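One structure is given below, encoded as structure tokens.
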Amino acid sequence: MRAAVVTGSVSVAACGGAPEIAGLSQKAGREGCVSATGTRGACARASILVTPGSVVVSPNGKNVYVAAEDRYRGGVAIFDRAASGRLIQKPGRAGCVSEVPALRRVCRRANGVRAPRDLVVSPDGRNLYVAAASGAIAIFDRDRLSGALTQRPGRTGCVSRRNRVGPCVRGRALTKPTMIAISPNGRSVYVASAESDALAIFDRDPRSGALTQKRGSAGCVADEYSDVTGCRNAPLFIGLEGGALTVSPDGRNVYVGTGLAIFNRHANGELTPNRAGNASTTDDPVISVMVSADGKNVYAAASSGGLLIFDRDPDDGVLTPKPGEQGCVATRRIAGCTRARALVAPTGVSLSPDGRDLYVAIGYNEENALVTFDRDPANGTLKQKPGRAGCVSQLGTNGKCARGRALREPSTLGEGSPTDPLVQPTLRVTVTPDGRSVYLSGDTVAVFDRP
């Protein structure tokens, strides 16, 4: 196995020990995290930030939007991002949007954002799209200077399979949407729904940001066992846990579902099944996926506790597992996998813009964690950073990881389910476009500086 390129600054141990590789550093004091309660004074407080999940950063890096997944107290929290990476919630009602009636004095009212599961900002920075487990896609205009959100007027402000969420455009294959992705050219939006095991396909108007679902069977793809009708059928299984969804940086492929179904994406945004079918199997369901910016590799978090590594053919998008132990990383003993610390229950994957660092969010009982790998840009192989630089966790994982602060709320330590039975929150990790900050969401949003 070729050695991975080790990046990051080097610091000398205080007691004259050997130099160690610098890892992520959580910001000091209350700048190091934000939460709904302030976490006993450890974090900055933020309105409605109950059960934070998906975190998305604007293309210019000046704003951060967080899906607060709780159905009865949540919505979308809106932050300004300081040059240092610190998150500052916009003041008053400008700091959040919510569909919960009891929060009208706290947040601006919006349709289709109850139990938001995933967010995406368009590449041009003009729009924010929200996939909500209540059954809708909310559409917002975004001020590219201030980052403020304004929901599009009337029925153009949301798409829903039913009108119970408000005056929305009717859509198909939208039973509990959990994931949303947009093409690099900003002209197509794809929405995966857990209960319907289906992928809805929309055209996006680049001038207005409005979404129009493609007509007929071109407007959705459904698993062969799904009860959704009128869609193209393909092995797609997404499942209640959500699965994975991403569009390749070259716009040629879409990868979706717990089995990583591979689709060819055409110039008009339509999808057709790739000849390779699925890259993984439902015996080891994938719950998060990331394609490297150079398009050469795909990294997938599997529910078994492993991180799967694929080579991607840039011509047809076919994925091939890397040979031997290069193709899998895990903490517990899995045949054919390289061992890594704290890689117990991966839930989210993100790559730095320069493609040299890969971050994995871990959600396991009280040990929420963030695991860091060096990535070799030449061949895509991974090597965990040495020592405590290779991971950050709430309790330090018996000295194997650096200790993080307030990665979980004290009130939820050891609980097996979130406050809202409609959704199961998933830890997410996000790297900013400038590569300077990393955000980990769980019970709080932890803020890290990247070396």
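How things are named: the first chain in the structure tokens is A, the next is B, and so on; residues count from 1 in each chain; ligands count from 1 in the order shown.
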*Shell around Asp205 in chain A at 9 Å using only C-alpha atoms, local window under 6 positions removed, as a VMD selection string*: chain A and resid 186 to 188 211 to 212
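Excluding Asp143 in chain A and any residue on its chain fewer than 4 positions from it, the residues at most 10 Å away by only C-alpha atoms are A:Gly125, A:Arg126, A:Asn127, A:Gly147, A:Ala148, A:Leu149, A:Thr150.
Distances to Ala345 in chain A were evaluated for A:Arg332, A:Arg104, A:Arg408, A:Lys90 using only C-alpha atoms, and the minimum falls at A:Arg332.
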*What lies within 9 Å of Gly435 in chain A using only C-alpha atoms, ignoring chain neighbours under 6 positions off, as a ChimeraX atom specification?*
/A:352-354,450
Any chance you could export the current selection's N, CA and C atoms as a PDB file, in the first residue's frame?
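For reference, out14.pdb as written:
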ATOM      1  N   SER A 352     -11.955  17.970   2.408  1.00  0.00           N
ATOM      2  CA  SER A 352     -11.475  19.343   2.322  1.00  0.00           C
ATOM      3  C   SER A 352     -11.415  19.759   0.857  1.00  0.00           C
ATOM      4  N   PRO A 353     -11.525  21.070   0.563  1.00  0.00           N
ATOM      5  CA  PRO A 353     -11.509  21.532  -0.831  1.00  0.00           C
ATOM      6  C   PRO A 353     -10.243  21.152  -1.592  1.00  0.00           C
ATOM      7  N   ASP A 354      -9.114  21.047  -0.889  1.00  0.00           N
ATOM      8  CA  ASP A 354      -7.881  20.675  -1.574  1.00  0.00           C
ATOM      9  C   ASP A 354      -7.750  19.163  -1.760  1.00  0.00           C
ATOM     10  N   ARG A 450      -9.247  24.383  11.016  1.00  0.00           N
ATOM     11  CA  ARG A 450      -8.506  23.361  10.286  1.00  0.00           C
ATOM     12  C   ARG A 450      -7.086  23.869  10.047  1.00  0.00           C
TER      13      ARG A 450
END
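Proximity to Leu407 in chain A at 9 Å, evaluated using only C-alpha atoms and with sequence-adjacent residues fewer than 4 positions away removed, yields Cys33, Glu366, Glu367, Asn368, Ala369, Ser393, Gln394, Leu440, Ser441, Gly442, Asp443, Thr444, Val445 and Ala446 of chain A.
The residue set within 9 Å of Gly257 in chain A, counting only C-alpha atoms and dropping same-chain residues fewer than 5 places from it, reads A:Ala192, A:Asp197, A:Pro235, A:Leu236, A:Phe237, A:Ile238, A:Gly239, A:Gly242, A:Gly243, A:Ala244, A:Leu245, A:Pro285, A:Val286, A:Ile287.
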_Please return, as JSON, numbers by chain, all residues of range 86-326 of chain A that DSSP assigns to strand (DSSP E or B) on the basis of the backbone._
{"A": [87, 88, 89, 96, 97, 98, 108, 109, 116, 117, 118, 119, 120, 121, 127, 128, 129, 130, 131, 132, 136, 137, 138, 139, 140, 141, 142, 149, 150, 151, 158, 159, 160, 169, 170, 177, 178, 179, 180, 181, 182, 188, 189, 190, 191, 192, 193, 198, 199, 200, 201, 202, 203, 204, 211, 212, 213, 220, 221, 222, 232, 233, 245, 246, 247, 253, 254, 255, 256, 261, 262, 263, 264, 265, 271, 272, 273, 274, 275, 276, 277, 278, 286, 287, 288, 289, 290, 291, 297, 298, 299, 300, 301, 302, 306, 307, 308, 309, 310, 311, 312, 319, 320, 321]}
Tell me which protein, DNA and RNA residues are within 12 Å of Cys220 in chain A, counting only C-alpha atoms, leaving out same-chain ones fewer than 2 positions away, and put them as a PDB file with C-alpha atoms, in the first residue's frame.
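The resulting result11.pdb:
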ATOM      1  CA  GLY A 171     -45.041  16.760  -6.380  1.00  0.00           C
ATOM      2  CA  ARG A 172     -44.622  13.011  -6.759  1.00  0.00           C
ATOM      3  CA  ALA A 173     -42.455  10.495  -4.893  1.00  0.00           C
ATOM      4  CA  LEU A 174     -42.069  12.776  -1.878  1.00  0.00           C
ATOM      5  CA  VAL A 189     -32.355  19.080  -8.127  1.00  0.00           C
ATOM      6  CA  TYR A 190     -32.719  15.511  -6.864  1.00  0.00           C
ATOM      7  CA  VAL A 191     -34.691  14.540  -3.765  1.00  0.00           C
ATOM      8  CA  ALA A 192     -34.575  11.087  -2.138  1.00  0.00           C
ATOM      9  CA  SER A 193     -37.483   9.982   0.033  1.00  0.00           C
ATOM     10  CA  SER A 196     -41.302   5.813  -0.781  1.00  0.00           C
ATOM     11  CA  ASP A 197     -37.847   4.440  -1.728  1.00  0.00           C
ATOM     12  CA  ALA A 198     -37.858   6.902  -4.612  1.00  0.00           C
ATOM     13  CA  LEU A 199     -35.845   9.714  -6.148  1.00  0.00           C
ATOM     14  CA  ALA A 200     -37.729  12.780  -7.424  1.00  0.00           C
ATOM     15  CA  ILE A 201     -36.164  14.753 -10.298  1.00  0.00           C
ATOM     16  CA  PHE A 202     -36.671  18.503 -10.778  1.00  0.00           C
ATOM     17  CA  ASP A 203     -35.586  21.106 -13.276  1.00  0.00           C
ATOM     18  CA  GLN A 213     -40.729  18.214 -11.610  1.00  0.00           C
ATOM     19  CA  LYS A 214     -40.050  16.452 -14.874  1.00  0.00           C
ATOM     20  CA  ARG A 215     -43.150  15.025 -16.499  1.00  0.00           C
ATOM     21  CA  GLY A 216     -44.161  11.410 -16.526  1.00  0.00           C
ATOM     22  CA  SER A 217     -41.720   8.672 -15.697  1.00  0.00           C
ATOM     23  CA  ALA A 218     -38.779  11.073 -16.212  1.00  0.00           C
ATOM     24  CA  ALA A 222     -38.548   4.205  -7.723  1.00  0.00           C
ATOM     25  CA  ASP A 223     -37.248   0.966  -6.320  1.00  0.00           C
ATOM     26  CA  SER A 226     -41.769   0.648  -3.958  1.00  0.00           C
ATOM     27  CA  VAL A 228     -44.918   4.597  -5.930  1.00  0.00           C
ATOM     28  CA  THR A 229     -46.377   4.433  -9.443  1.00  0.00           C
ATOM     29  CA  GLY A 230     -45.566   6.332 -12.625  1.00  0.00           C
ATOM     30  CA  CYS A 231     -41.784   6.306 -12.087  1.00  0.00           C
ATOM     31  CA  ARG A 232     -38.932   4.562 -13.820  1.00  0.00           C
ATOM     32  CA  ASN A 233     -38.011   1.426 -11.909  1.00  0.00           C
ATOM     33  CA  ALA A 234     -34.458   0.660 -10.808  1.00  0.00           C
ATOM     34  CA  LEU A 236     -32.707   1.930  -5.530  1.00  0.00           C
ATOM     35  CA  GLY A 269     -30.937  16.286 -15.951  1.00  0.00           C
ATOM     36  CA  GLU A 270     -32.672  12.980 -16.678  1.00  0.00           C
ATOM     37  CA  LEU A 271     -31.280   9.806 -15.140  1.00  0.00           C
ATOM     38  CA  THR A 272     -30.807   6.343 -16.587  1.00  0.00           C
TER      39      THR A 272
END
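When the distance limit is 7 Å and only C-alpha atoms are what count, the residues near range 311-316 of chain A, minus those fewer than 5 positions from it on the same chain, are Gly295, Lys296, Asn297, Val298, Pro321 and Lys322 of chain A.
In this structure, CA of Pro52 in chain A sits 8.2 Å away from CA of Leu427 in chain A.
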*Looking only at helix (DSSP H, G or I) from DSSP on the backbone, list the matching residues of range 110-329 of chain A as a PyMOL selection string.*
chain A and resi 154-157+163-165+216-219+324-327
_Let me make sure I understand: among A:Gly112, A:Gly135, A:Gly53, A:Gly387, which one has the smallest atom-to-atom distance to Gly348 in chain A if we use only C-alpha atoms?_
A:Gly53
